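Student: Below is the file model-v9.txt, with compact mmCIF, C-alpha atoms.
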```txt
# COMPACT_ATOMS: atom_id res chain seq x y z
CA MET A 1 -33.89 43.93 2.29
CA PRO A 2 -32.87 40.28 2.36
CA ASP A 3 -29.97 39.09 0.24
CA SER A 4 -32.09 36.38 -1.38
CA GLN A 5 -35.34 37.57 -2.88
CA PRO A 6 -38.42 35.27 -2.78
CA GLN A 7 -38.34 32.75 -5.62
CA PRO A 8 -41.35 31.70 -7.69
CA PRO A 9 -42.77 28.29 -6.78
CA ASP A 10 -40.91 26.33 -9.44
CA GLY A 11 -39.02 23.03 -9.18
CA ALA A 12 -37.22 24.10 -6.02
CA THR A 13 -40.32 24.84 -3.96
CA ALA A 14 -43.95 24.07 -4.71
CA ASP A 15 -43.25 21.30 -7.23
CA THR A 16 -40.61 19.58 -5.14
CA PRO A 17 -41.77 16.08 -4.10
CA ALA A 18 -42.53 15.63 -0.43
CA LEU A 19 -39.65 14.33 1.65
CA VAL A 20 -39.55 12.55 5.00
CA LEU A 21 -36.34 12.57 7.04
CA CYS A 22 -36.46 9.49 9.26
CA GLY A 23 -34.78 8.90 12.60
CA ALA A 24 -32.84 12.16 12.83
CA ARG A 25 -31.40 13.32 16.14
CA LEU A 26 -32.06 16.93 17.12
CA ALA A 27 -29.74 19.14 19.16
CA ASP A 28 -31.93 18.56 22.24
CA GLY A 29 -31.42 14.78 21.94
CA ARG A 30 -34.84 13.82 20.54
CA ILE A 31 -35.02 11.28 17.71
CA VAL A 32 -37.62 12.45 15.20
CA ASP A 33 -39.10 12.16 11.74
CA VAL A 34 -39.43 15.38 9.73
CA ARG A 35 -41.87 15.80 6.84
CA ILE A 36 -40.99 18.45 4.24
CA GLY A 37 -43.17 19.81 1.46
CA ALA A 38 -43.12 22.89 -0.81
CA GLY A 39 -39.77 23.93 0.59
CA ARG A 40 -40.92 24.08 4.22
CA ILE A 41 -41.09 21.80 7.23
CA GLU A 42 -44.63 20.48 7.48
CA ALA A 43 -44.40 18.31 10.59
CA VAL A 44 -41.97 17.00 13.19
CA GLY A 45 -42.91 13.86 15.13
CA THR A 46 -41.36 11.08 17.14
CA ALA A 47 -39.43 8.51 15.12
CA GLY A 48 -41.79 6.25 13.19
CA SER A 49 -44.80 8.54 13.60
CA LEU A 50 -44.66 10.05 10.08
CA PRO A 51 -45.00 7.27 7.49
CA PRO A 52 -43.52 8.28 4.14
CA GLY A 53 -46.70 7.59 2.18
CA GLY A 54 -45.92 8.88 -1.32
CA ALA A 55 -42.97 10.98 -0.11
CA SER A 56 -39.32 10.19 -0.69
CA ARG A 57 -37.60 8.80 2.39
CA VAL A 58 -34.13 9.67 3.68
CA ASP A 59 -32.77 7.60 6.56
CA LEU A 60 -30.94 9.92 8.97
CA GLY A 61 -30.21 7.34 11.65
CA GLY A 62 -26.91 8.33 13.24
CA TYR A 63 -27.14 11.91 11.99
CA LEU A 64 -27.62 15.18 13.87
CA LEU A 65 -30.12 17.44 12.06
CA LEU A 66 -29.41 21.17 12.24
CA PRO A 67 -30.48 24.42 10.58
CA ALA A 68 -28.23 24.82 7.55
CA PRO A 69 -25.32 27.22 7.83
CA ALA A 70 -24.89 30.22 5.55
CA GLU A 71 -21.73 31.93 4.30
CA PRO A 72 -21.90 35.69 5.01
CA HIS A 73 -18.41 36.59 3.75
CA ALA A 74 -17.15 34.87 0.60
CA HIS A 75 -14.94 36.10 -2.26
CA SER A 76 -16.18 34.20 -5.28
CA ASP A 77 -14.27 36.24 -7.86
CA THR A 78 -10.86 35.47 -6.33
CA ALA A 79 -11.65 31.94 -5.10
CA LEU A 80 -9.48 29.05 -6.26
CA THR A 81 -6.75 31.27 -7.71
CA ALA A 82 -3.91 30.20 -5.38
CA ASP A 83 -2.81 27.43 -7.75
CA ARG A 84 -2.58 29.98 -10.56
CA ALA A 85 -0.61 32.57 -8.63
CA ALA A 86 2.38 32.00 -10.92
CA GLU A 87 0.33 33.45 -13.79
CA ARG A 88 0.83 37.20 -13.86
CA PRO A 89 -1.75 38.50 -13.82
CA VAL A 90 -4.21 35.83 -12.69
CA PRO A 91 -6.82 35.60 -15.46
CA TYR A 92 -10.13 37.28 -14.68
CA THR A 93 -11.97 36.63 -17.92
CA SER A 94 -15.73 36.24 -17.58
CA GLU A 95 -15.50 32.52 -18.29
CA ASP A 96 -12.75 32.02 -15.72
CA VAL A 97 -14.51 33.98 -12.96
CA GLN A 98 -17.85 32.29 -13.62
CA ARG A 99 -16.27 28.83 -13.54
CA ARG A 100 -14.39 29.47 -10.31
CA ALA A 101 -17.34 31.19 -8.63
CA THR A 102 -19.57 28.24 -9.47
CA GLU A 103 -17.03 25.68 -8.30
CA ALA A 104 -16.43 27.61 -5.07
CA ALA A 105 -20.16 27.84 -4.34
CA LEU A 106 -20.56 24.11 -4.90
CA LEU A 107 -17.67 23.39 -2.51
CA GLN A 108 -19.31 25.56 0.12
CA LEU A 109 -22.70 23.98 -0.57
CA GLY A 110 -21.17 20.54 -0.02
CA HIS A 111 -20.04 21.76 3.38
CA GLY A 112 -23.62 22.84 4.14
CA ALA A 113 -23.90 26.53 3.20
CA THR A 114 -27.15 26.89 1.27
CA ALA A 115 -26.87 30.71 1.03
CA LEU A 116 -23.77 32.77 0.29
CA ARG A 117 -22.94 36.46 0.30
CA SER A 118 -19.96 37.13 -1.99
CA HIS A 119 -17.90 40.31 -2.09
CA VAL A 120 -16.94 41.12 -5.70
CA ARG A 121 -14.43 43.75 -6.79
CA ILE A 122 -15.68 46.30 -9.31
CA GLY A 123 -13.57 48.82 -11.17
CA ASP A 124 -9.92 48.40 -12.15
CA ALA A 125 -9.34 46.85 -15.57
CA GLN A 126 -12.33 44.49 -15.34
CA GLU A 127 -14.81 47.27 -14.47
CA LEU A 128 -18.09 45.33 -13.99
CA GLY A 129 -16.88 42.14 -15.65
CA ARG A 130 -16.25 40.19 -12.46
CA LEU A 131 -19.68 41.11 -11.14
CA ALA A 132 -21.40 40.06 -14.36
CA ALA A 133 -19.63 36.68 -14.18
CA VAL A 134 -20.62 36.11 -10.55
CA LEU A 135 -24.23 37.03 -11.35
CA GLN A 136 -24.14 34.49 -14.18
CA ALA A 137 -22.84 31.88 -11.71
CA ARG A 138 -25.76 32.79 -9.44
CA ARG A 139 -28.20 31.98 -12.23
CA SER A 140 -26.55 28.63 -12.92
CA LEU A 141 -26.78 27.73 -9.21
CA ARG A 142 -30.49 28.41 -8.92
CA GLY A 143 -32.20 25.62 -7.02
CA LEU A 144 -28.91 24.48 -5.50
CA ALA A 145 -27.81 27.50 -3.46
CA ASP A 146 -28.66 31.20 -3.12
CA LEU A 147 -25.80 33.53 -4.04
CA THR A 148 -25.84 37.28 -3.46
CA ALA A 149 -23.19 39.66 -4.75
CA VAL A 150 -21.74 42.59 -2.78
CA ALA A 151 -20.34 45.32 -5.04
CA VAL A 152 -16.89 46.38 -3.77
CA PRO A 153 -15.37 49.53 -5.34
CA ARG A 154 -11.82 50.55 -4.50
CA LEU A 155 -12.07 54.36 -4.46
CA LEU A 156 -15.15 56.54 -4.02
CA THR A 157 -13.89 60.01 -3.07
CA GLY A 158 -12.22 62.84 -4.95
CA LEU A 159 -11.67 62.94 -8.69
CA ALA A 160 -10.30 59.40 -8.69
CA GLY A 161 -13.45 58.13 -6.98
CA ALA A 162 -16.02 59.65 -9.34
CA ASP A 163 -15.89 56.71 -11.72
CA GLY A 164 -16.07 54.26 -8.82
CA LEU A 165 -19.19 55.95 -7.48
CA ALA A 166 -20.92 55.82 -10.86
CA MET A 167 -19.89 52.19 -11.26
CA LEU A 168 -21.26 51.33 -7.82
CA ARG A 169 -24.67 52.62 -8.85
CA ASP A 170 -24.44 50.63 -12.08
CA ALA A 171 -23.52 47.51 -10.09
CA VAL A 172 -26.68 47.72 -8.00
CA THR A 173 -28.75 48.21 -11.13
CA MET A 174 -27.10 45.10 -12.64
CA GLY A 175 -28.10 42.94 -9.68
CA ALA A 176 -25.71 43.40 -6.79
CA GLY A 177 -27.89 42.99 -3.72
CA VAL A 178 -25.54 44.62 -1.21
CA VAL A 179 -23.33 47.73 -1.30
CA GLY A 180 -19.86 47.21 0.09
CA GLY A 181 -16.26 48.30 -0.08
CA CYS A 182 -13.15 48.94 1.98
CA PRO A 183 -12.94 52.45 3.45
CA ASP A 184 -9.44 51.64 4.80
CA LEU A 185 -8.09 51.84 1.22
CA ASP A 186 -9.58 55.25 0.37
CA PRO A 187 -7.70 58.49 1.17
CA ASP A 188 -10.92 59.73 2.82
CA PRO A 189 -12.39 56.77 4.76
CA THR A 190 -15.27 58.82 6.19
CA GLY A 191 -16.17 60.20 2.78
CA TYR A 192 -16.06 56.66 1.40
CA VAL A 193 -18.53 55.43 4.02
CA GLU A 194 -20.82 58.40 3.37
CA ALA A 195 -20.80 57.60 -0.37
CA VAL A 196 -21.62 53.93 0.25
CA LEU A 197 -24.47 54.83 2.59
CA GLU A 198 -25.85 57.30 0.06
CA VAL A 199 -26.01 54.65 -2.69
CA ALA A 200 -27.46 52.11 -0.26
CA ALA A 201 -30.18 54.56 0.76
CA GLU A 202 -31.06 55.25 -2.88
CA HIS A 203 -31.68 51.55 -3.54
CA GLY A 204 -32.74 50.30 -0.10
CA CYS A 205 -29.73 47.94 0.04
CA PRO A 206 -27.85 46.57 3.05
CA VAL A 207 -24.24 47.68 3.56
CA ASP A 208 -21.31 45.32 4.13
CA LEU A 209 -17.89 46.92 4.58
CA HIS A 210 -14.37 45.54 4.97
CA THR A 211 -12.33 47.05 7.76
CA GLU A 212 -9.65 45.87 10.14
CA GLY A 213 -11.03 48.15 12.86
CA ALA A 214 -7.54 49.06 13.99
CA GLU A 215 -8.28 52.80 14.36
CA PRO A 216 -10.75 53.62 17.16
CA ALA A 217 -11.64 57.08 15.85
CA ARG A 218 -12.55 55.62 12.47
CA ILE A 219 -14.73 52.96 14.12
CA ALA A 220 -16.50 55.65 16.15
CA ARG A 221 -17.26 57.70 13.02
CA LEU A 222 -18.42 54.62 11.14
CA ALA A 223 -20.73 53.61 13.99
CA ALA A 224 -22.19 57.11 14.12
CA LEU A 225 -22.91 57.06 10.38
CA ALA A 226 -24.31 53.51 10.39
CA GLY A 227 -26.85 53.99 13.13
CA GLY A 228 -29.70 55.10 10.90
CA VAL A 229 -29.41 52.64 8.00
CA PRO A 230 -32.74 50.73 7.84
CA ALA A 231 -31.39 47.76 5.84
CA GLY A 232 -28.49 47.26 8.23
CA VAL A 233 -24.71 47.62 8.25
CA THR A 234 -22.20 44.80 8.57
CA LEU A 235 -18.46 45.08 9.19
CA GLY A 236 -15.74 42.50 8.89
CA PRO A 237 -13.31 41.05 9.66
CA CYS A 238 -12.41 43.65 12.36
CA ALA A 239 -9.31 41.71 13.43
CA GLY A 240 -7.56 44.98 14.31
CA LEU A 241 -9.84 45.38 17.34
CA ALA A 242 -7.95 42.53 18.99
CA ALA A 243 -4.70 44.52 18.86
CA LEU A 244 -6.14 47.56 20.66
CA PRO A 245 -5.84 48.11 24.42
CA ALA A 246 -8.69 46.35 26.20
CA GLU A 247 -10.48 49.51 27.32
CA VAL A 248 -10.22 51.07 23.84
CA ALA A 249 -11.53 47.91 22.15
CA ALA A 250 -14.37 47.69 24.68
CA ARG A 251 -15.41 51.28 23.94
CA ALA A 252 -15.40 50.56 20.20
CA ALA A 253 -17.49 47.44 20.78
CA ASP A 254 -20.01 49.46 22.79
CA GLN A 255 -20.29 51.96 19.94
CA LEU A 256 -20.89 49.21 17.39
CA ALA A 257 -23.52 47.60 19.60
CA ALA A 258 -25.33 50.90 20.14
CA ALA A 259 -25.42 51.50 16.39
CA GLY A 260 -26.83 48.03 15.69
CA VAL A 261 -23.84 47.12 13.52
CA THR A 262 -23.18 43.42 12.91
CA VAL A 263 -19.61 42.09 12.85
CA VAL A 264 -18.66 39.10 10.71
CA CYS A 265 -15.41 37.59 11.97
CA LEU A 266 -13.26 35.21 9.93
CA PRO A 267 -11.85 32.52 12.24
CA GLN A 268 -9.99 30.82 9.39
CA GLY A 269 -8.16 34.06 8.58
CA GLY A 270 -7.53 35.54 5.15
CA CYS A 271 -9.67 38.05 3.30
CA GLY A 272 -9.14 39.21 -0.25
CA GLY A 273 -10.91 42.51 0.44
CA LEU A 274 -8.03 43.83 2.56
CA GLU A 275 -4.93 44.34 0.47
CA ARG A 276 -1.38 43.96 1.71
CA ARG A 277 1.49 46.38 1.82
CA GLY A 278 4.54 44.18 1.67
CA THR A 279 3.86 41.46 4.22
CA GLU A 280 1.38 43.40 6.36
CA ARG A 281 -2.31 43.99 5.90
CA VAL A 282 -3.71 47.48 5.61
CA GLY A 283 -4.44 48.26 9.24
CA GLY A 284 -1.68 45.94 10.46
CA ALA A 285 -3.81 43.07 11.82
CA ARG A 286 -3.76 39.41 10.85
CA GLY A 287 -5.72 37.62 13.56
CA VAL A 288 -9.39 37.29 14.44
CA ALA A 289 -11.79 39.82 15.93
CA PRO A 290 -12.08 39.70 19.75
CA VAL A 291 -15.14 37.48 19.78
CA ARG A 292 -15.78 37.33 23.50
CA LEU A 293 -15.36 41.08 23.95
CA LEU A 294 -17.80 41.82 21.11
CA ARG A 295 -20.35 39.33 22.43
CA ALA A 296 -20.06 40.76 25.95
CA ALA A 297 -20.79 44.24 24.57
CA GLY A 298 -23.93 42.97 22.84
CA VAL A 299 -22.60 43.24 19.29
CA ARG A 300 -24.42 40.98 16.84
CA LEU A 301 -21.74 38.55 15.73
CA ALA A 302 -21.60 36.07 12.87
CA ALA A 303 -18.73 34.09 11.38
CA GLY A 304 -17.69 33.49 7.79
CA GLY A 305 -15.04 31.74 5.76
CA GLY A 306 -13.38 34.60 3.88
CA ALA A 307 -10.75 33.53 1.41
CA LEU A 308 -11.14 30.19 -0.34
CA ARG A 309 -7.77 29.10 -1.70
CA ASP A 310 -6.69 32.45 -3.04
CA VAL A 311 -3.53 34.47 -2.34
CA SER A 312 -4.97 35.69 0.97
CA ASN A 313 -5.34 32.12 2.24
CA PRO A 314 -4.05 29.41 -0.14
CA VAL A 315 -5.51 26.69 2.10
CA GLY A 316 -8.89 28.27 2.90
CA ARG A 317 -11.62 25.65 3.07
CA GLY A 318 -14.81 27.67 2.94
CA ASP A 319 -16.31 25.33 5.53
CA PRO A 320 -18.77 26.91 8.00
CA LEU A 321 -18.29 24.03 10.44
CA GLU A 322 -14.57 24.67 10.53
CA ALA A 323 -15.24 28.34 11.28
CA ALA A 324 -17.51 27.22 14.14
CA TYR A 325 -14.89 24.73 15.33
CA LEU A 326 -12.26 27.47 15.48
CA LEU A 327 -14.61 29.78 17.38
CA ALA A 328 -15.18 27.03 19.94
CA SER A 329 -11.61 25.74 20.17
CA GLN A 330 -9.74 29.06 20.06
CA GLY A 331 -12.34 31.76 20.67
CA GLY A 332 -13.74 30.38 23.90
CA VAL A 333 -17.30 30.20 22.53
CA ARG A 334 -19.68 27.39 23.52
CA ALA A 335 -20.08 24.86 20.71
CA ALA A 336 -23.80 25.59 20.29
CA ASP A 337 -23.16 29.34 20.12
CA ALA A 338 -20.27 28.80 17.70
CA TYR A 339 -22.56 26.88 15.37
CA GLY A 340 -25.18 29.60 15.77
CA ALA A 341 -22.63 32.14 14.51
CA VAL A 342 -22.42 30.32 11.16
CA SER A 343 -26.11 29.40 10.94
CA GLY A 344 -28.78 31.53 12.63
CA ALA A 345 -26.60 34.62 13.04
CA ALA A 346 -25.20 34.33 9.53
CA ARG A 347 -28.71 34.05 8.08
CA ALA A 348 -29.81 37.08 10.10
CA VAL A 349 -26.90 39.12 8.70
CA MET A 350 -28.13 38.24 5.22
CA GLY A 351 -31.76 39.11 6.00
CA LEU A 352 -32.88 35.50 5.51
CA PRO A 353 -35.75 33.87 7.41
CA GLU A 354 -34.99 32.10 10.66
CA VAL A 355 -34.67 28.32 10.44
CA ARG A 356 -35.69 25.90 13.17
CA VAL A 357 -36.41 22.19 12.94
CA GLU A 358 -40.08 22.92 13.60
CA ALA A 359 -43.22 22.95 11.49
CA GLY A 360 -43.63 26.07 9.37
CA PHE A 361 -39.94 26.95 9.03
CA PRO A 362 -37.93 26.87 5.78
CA ALA A 363 -36.43 23.49 4.90
CA GLU A 364 -32.83 24.72 4.91
CA LEU A 365 -31.16 21.89 6.82
CA LEU A 366 -27.86 20.12 7.36
CA ALA A 367 -27.57 16.55 8.61
CA VAL A 368 -24.13 15.62 9.96
CA ARG A 369 -23.12 12.19 11.21
CA GLY A 370 -22.83 12.46 14.98
CA GLU A 371 -24.83 12.73 18.17
CA ARG A 372 -23.87 16.08 19.73
CA ILE A 373 -22.83 19.43 18.37
CA GLU A 374 -19.37 19.14 19.96
CA GLY A 375 -18.66 15.91 18.11
CA VAL A 376 -20.07 17.29 14.89
CA LEU A 377 -17.71 20.28 14.99
CA SER A 378 -14.78 17.94 15.58
CA LEU A 379 -15.49 15.23 12.99
CA ALA A 380 -17.97 16.53 10.45
CA TYR A 381 -17.14 14.10 7.68
CA SER A 382 -20.50 12.81 6.41
CA ARG A 383 -23.08 15.46 5.53
CA ILE A 384 -26.45 15.72 3.79
CA VAL A 385 -27.54 19.19 2.68
CA ILE A 386 -31.17 20.19 2.11
CA HIS A 387 -32.07 23.41 0.29
CA ARG A 388 -35.63 24.53 -0.45
CA GLY A 389 -36.92 21.14 0.58
CA ARG A 390 -34.73 18.82 -1.46
CA VAL A 391 -31.41 17.06 -0.97
CA VAL A 392 -28.85 19.05 -2.98
CA ALA A 393 -25.54 17.60 -1.74
CA ARG A 394 -24.22 14.50 -0.01
CA THR A 395 -20.77 13.76 1.39
CA SER A 396 -20.09 10.27 2.75
CA ALA A 397 -17.04 9.03 4.60
CA VAL A 398 -16.31 5.55 5.97
CA ARG A 399 -13.28 4.80 8.10
CA GLU A 400 -12.22 1.18 8.63
CA TYR A 401 -9.37 -0.39 10.59
CA CYS A 402 -7.60 -3.69 10.06
CA ASP A 403 -7.38 -6.26 12.85
CA SER A 404 -4.89 -5.88 15.68
CA VAL A 405 -1.79 -8.09 15.45
CA GLU A 406 -2.14 -8.87 19.15
CA SER A 407 -3.93 -12.17 19.60
CA GLY A 408 -6.51 -12.24 22.35
CA ALA A 409 -6.68 -8.42 22.50
CA PRO A 410 -10.03 -6.85 23.46
CA GLU A 411 -12.33 -6.39 20.48
CA LEU A 412 -11.92 -2.99 18.84
CA PRO A 413 -14.87 -0.77 17.88
CA ARG A 414 -15.61 -0.81 14.14
CA GLN A 415 -16.98 1.61 11.60
CA GLY A 416 -17.97 -0.19 8.43
CA ARG A 417 -18.67 -3.87 7.85
CA PRO A 418 -19.23 -5.72 11.14
CA GLY A 419 -16.25 -7.86 12.05
CA GLY A 420 -14.27 -6.90 8.93
CA GLY A 421 -11.41 -4.61 8.08
CA PRO A 422 -10.19 -3.22 4.80
```
Translate this structure into structure tokens?
Tutor:
Amino acid sequence: MPDSQPQPPDGATADTPALVLCGARLADGRIVDVRIGAGRIEAVGTAGSLPPGGASRVDLGGYLLLPAPAEPHAHSDTALTADRAAERPVPYTSEDVQRRATEAALLQLGHGATALRSHVRIGDAQELGRLAAVLQARRSLRGLADLTAVAVPRLLTGLAGADGLAMLRDAVTMGAGVVGGCPDLDPDPTGYVEAVLEVAAEHGCPVDLHTEGAEPARIARLAALAGGVPAGVTLGPCAGLAALPAEVAARAADQLAAAGVTVVCLPQGGCGGLERRGTERVGGARGVAPVRLLRAAGVRLAAGGGALRDVSNPVGRGDPLEAAYLLASQGGVRAADAYGAVSGAARAVMGLPEVRVEAGFPAELLAVRGERIEGVLSLAYSRIVIHRGRVVARTSAVREYCDSVESGAPELPRQGRPGGGP
């Protein structure tokens, strides 16, 4: 079941005015015009071949046009709380959570993520309050971005877990589209996974679990249980796999691949779903999943942002292009594959339709100033975001330099007004 259910043809689809993107560069180097209507790409032709007619026109000269990224691992309920860490406890009123979840989604949308999957804690003192607030934020974002909530209970086994199990079922009934949790925090991790899979099977929901993956036996059991889940199982951030001996990690990767489990890594680090004991995470790992090892084993791999300026990562950006940049610069992944991890692979994790810049595909697009994917990942300042066929966010940046003090020096390249500085 996809995270985002089909929407009725309202102002974001069928009634959206036609749009022509002019002079965009594609990843293969072609310069094209793209006509969009009813939320889908209607035609792609050489530059100048698709006159706007009655459609709105957007000049994308100098921009690289790409399938829009998606965010498969957000934490909307804890986002933007780092600045309020001095408040004990951090307020989690419905109004506060809804405001922060909305602001966080808009920040991520500005970076290009038109669909988000957000893990939301249920239980504790707030019970289902955080989830209700995130679902309200989802409604307020309709037409701008698609937000799906993952219900994350703390305990599910034994007497202490009975309430959590009942609340998990209530969360799905309320509107959580994915069943999640952190088996590492339960006294019976295997029983926790079995409970999650049972609820997911009852409702036909996907499963998305937090785990460090630091214990090979636990990974093996999880893979064995996950193999038969029709809606799919996702794990993340699995940073503990990187600390295992190479042959042990490779065996775990083979088991995950055989079970069809997807791994969402977090190159920026930080994840509010994995609590700390003192200064160490549960499971003992702080880094990033072994990306190349997982890819070599055939594991389906996507990348997400994780924490967005909360106590897990006070400087988290929630920027898919930064996650791709880190995969390419530190993970040894080709730039095109790194971007695929935050776009096509991330959408696949969320059960969303594939996006290509071709006729017939959804108009979920990101235009970034630049000519090649490598440059875009390095300097992705100016961006135009298209969701369901309309421009929903713009970010513009202009850098200018003053003249050199050296007379007779060679002319310097300019960005901005020709021949002028600030």
Student: Could you name the residues that touch Ala393 (chain A) at 6 Å or less, counting all atoms listed in the file, but leaving out those on the same chain fewer than 4 positions away, as a list of chain:residue names?
Tutor: A:Gly110, A:Ile384, A:Val385
Student: So how many Å separate CA of Gly48 (chain A) and CA of Leu64 (chain A), to one decimal?
Tutor: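 Rounded to one decimal, the two atoms are 16.8 Å apart.
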Student: Leu301 (chain A): which residues within 12 Å, counting all atoms listed in the file, same-chain residues fewer than 2 positions away excluded, as a PyMOL selection string?
Tutor: chain A and resi 72+234-238+253+256-257+260-266+289-299+303-304+327+333+337-349
Student: Measuring atom to atom with only C-alpha atoms, identify which of A:Leu60, A:Leu209, A:Ala79, A:Leu65 is nearest to Ser312 (chain A).
Tutor: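 Closest candidate: A:Ala79.
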Student: Find the spatial neighbours of Val233 (chain A), counting only C-alpha atoms, within a cut-off of 12 Å - ignore same-chain residues fewer than 6 positions away - and output them as a ChimeraX atom specification.
Tutor: /A:1,178-181,193,196-197,200-201,204-210,222-227,256-257,259-264,300,348-351
Student: Separation of CA of Pro230 (chain A) and CA of Ala258 (chain A), in Å?
Tutor: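 One can read the CA of Pro230 (chain A) to CA of Ala258 (chain A) distance as 14.4 Å.
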Student: Would you kindly return, as an MDAnalysis selection string, each protein, DNA or RNA residue with an atom no farther than 9 Å from any atom of Thr93 (chain A), considering all atoms listed in the file and excluding same-chain residues fewer than 6 positions away?
Tutor: chainID A and resid 126 129:130 133
Student: Would you mind telling me which residue in A:Ala336, A:Gly305, A:Leu128, A:Asp170 lies nearest to Gly375 (chain A) when using all atoms listed in the file?
Tutor: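 Nearest candidate to Gly375 (chain A) out of A:Ala336, A:Gly305, A:Leu128, A:Asp170: A:Ala336.
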Student: Because some atoms of region 296-314 of chain A are absent here, can you restore N, CA and C atoms and send them as a short mmCIF file (atom, residue, chain, number, x, y, z; two decimals), keeping the file's coordinate frame?
Tutor:
```cif
data_model
loop_
_atom_site.label_atom_id
_atom_site.label_comp_id
_atom_site.auth_asym_id
_atom_site.auth_seq_id
_atom_site.Cartn_x
_atom_site.Cartn_y
_atom_site.Cartn_z
N ALA A 296 -19.77 40.19 24.63
CA ALA A 296 -20.06 40.76 25.95
C ALA A 296 -20.66 42.15 25.83
N ALA A 297 -20.26 42.88 24.78
CA ALA A 297 -20.79 44.24 24.57
C ALA A 297 -22.17 44.22 23.93
N GLY A 298 -22.63 43.06 23.49
CA GLY A 298 -23.93 42.97 22.84
C GLY A 298 -23.90 43.18 21.34
N VAL A 299 -22.70 43.11 20.74
CA VAL A 299 -22.60 43.24 19.29
C VAL A 299 -23.15 41.97 18.63
N ARG A 300 -23.94 42.13 17.61
CA ARG A 300 -24.42 40.98 16.84
C ARG A 300 -23.24 40.41 16.05
N LEU A 301 -22.95 39.15 16.27
CA LEU A 301 -21.74 38.55 15.73
C LEU A 301 -22.07 37.33 14.90
N ALA A 302 -21.51 37.26 13.72
CA ALA A 302 -21.60 36.07 12.87
C ALA A 302 -20.19 35.71 12.44
N ALA A 303 -20.04 34.54 11.83
CA ALA A 303 -18.73 34.09 11.38
C ALA A 303 -18.81 33.62 9.94
N GLY A 304 -17.75 33.89 9.18
CA GLY A 304 -17.69 33.49 7.79
C GLY A 304 -16.37 32.83 7.46
N GLY A 305 -16.23 32.45 6.20
CA GLY A 305 -15.04 31.74 5.76
C GLY A 305 -13.97 32.64 5.18
N GLY A 306 -14.37 33.73 4.50
CA GLY A 306 -13.38 34.60 3.88
C GLY A 306 -12.77 33.97 2.65
N ALA A 307 -11.45 33.99 2.59
CA ALA A 307 -10.75 33.53 1.41
C ALA A 307 -10.88 32.03 1.24
N LEU A 308 -11.06 31.61 -0.01
CA LEU A 308 -11.14 30.19 -0.34
C LEU A 308 -10.06 29.88 -1.37
N ARG A 309 -8.91 29.49 -0.87
CA ARG A 309 -7.77 29.10 -1.70
C ARG A 309 -7.41 30.17 -2.73
N ASP A 310 -7.25 31.40 -2.21
CA ASP A 310 -6.69 32.45 -3.04
C ASP A 310 -5.41 32.94 -2.38
N VAL A 311 -4.82 34.05 -2.87
CA VAL A 311 -3.53 34.47 -2.34
C VAL A 311 -3.62 34.92 -0.88
N SER A 312 -4.82 35.30 -0.42
CA SER A 312 -4.97 35.69 0.97
C SER A 312 -4.92 34.50 1.91
N ASN A 313 -5.37 33.35 1.45
CA ASN A 313 -5.34 32.12 2.24
C ASN A 313 -5.33 30.94 1.28
N PRO A 314 -4.14 30.48 0.87
CA PRO A 314 -4.05 29.41 -0.14
C PRO A 314 -4.67 28.10 0.30
#
```
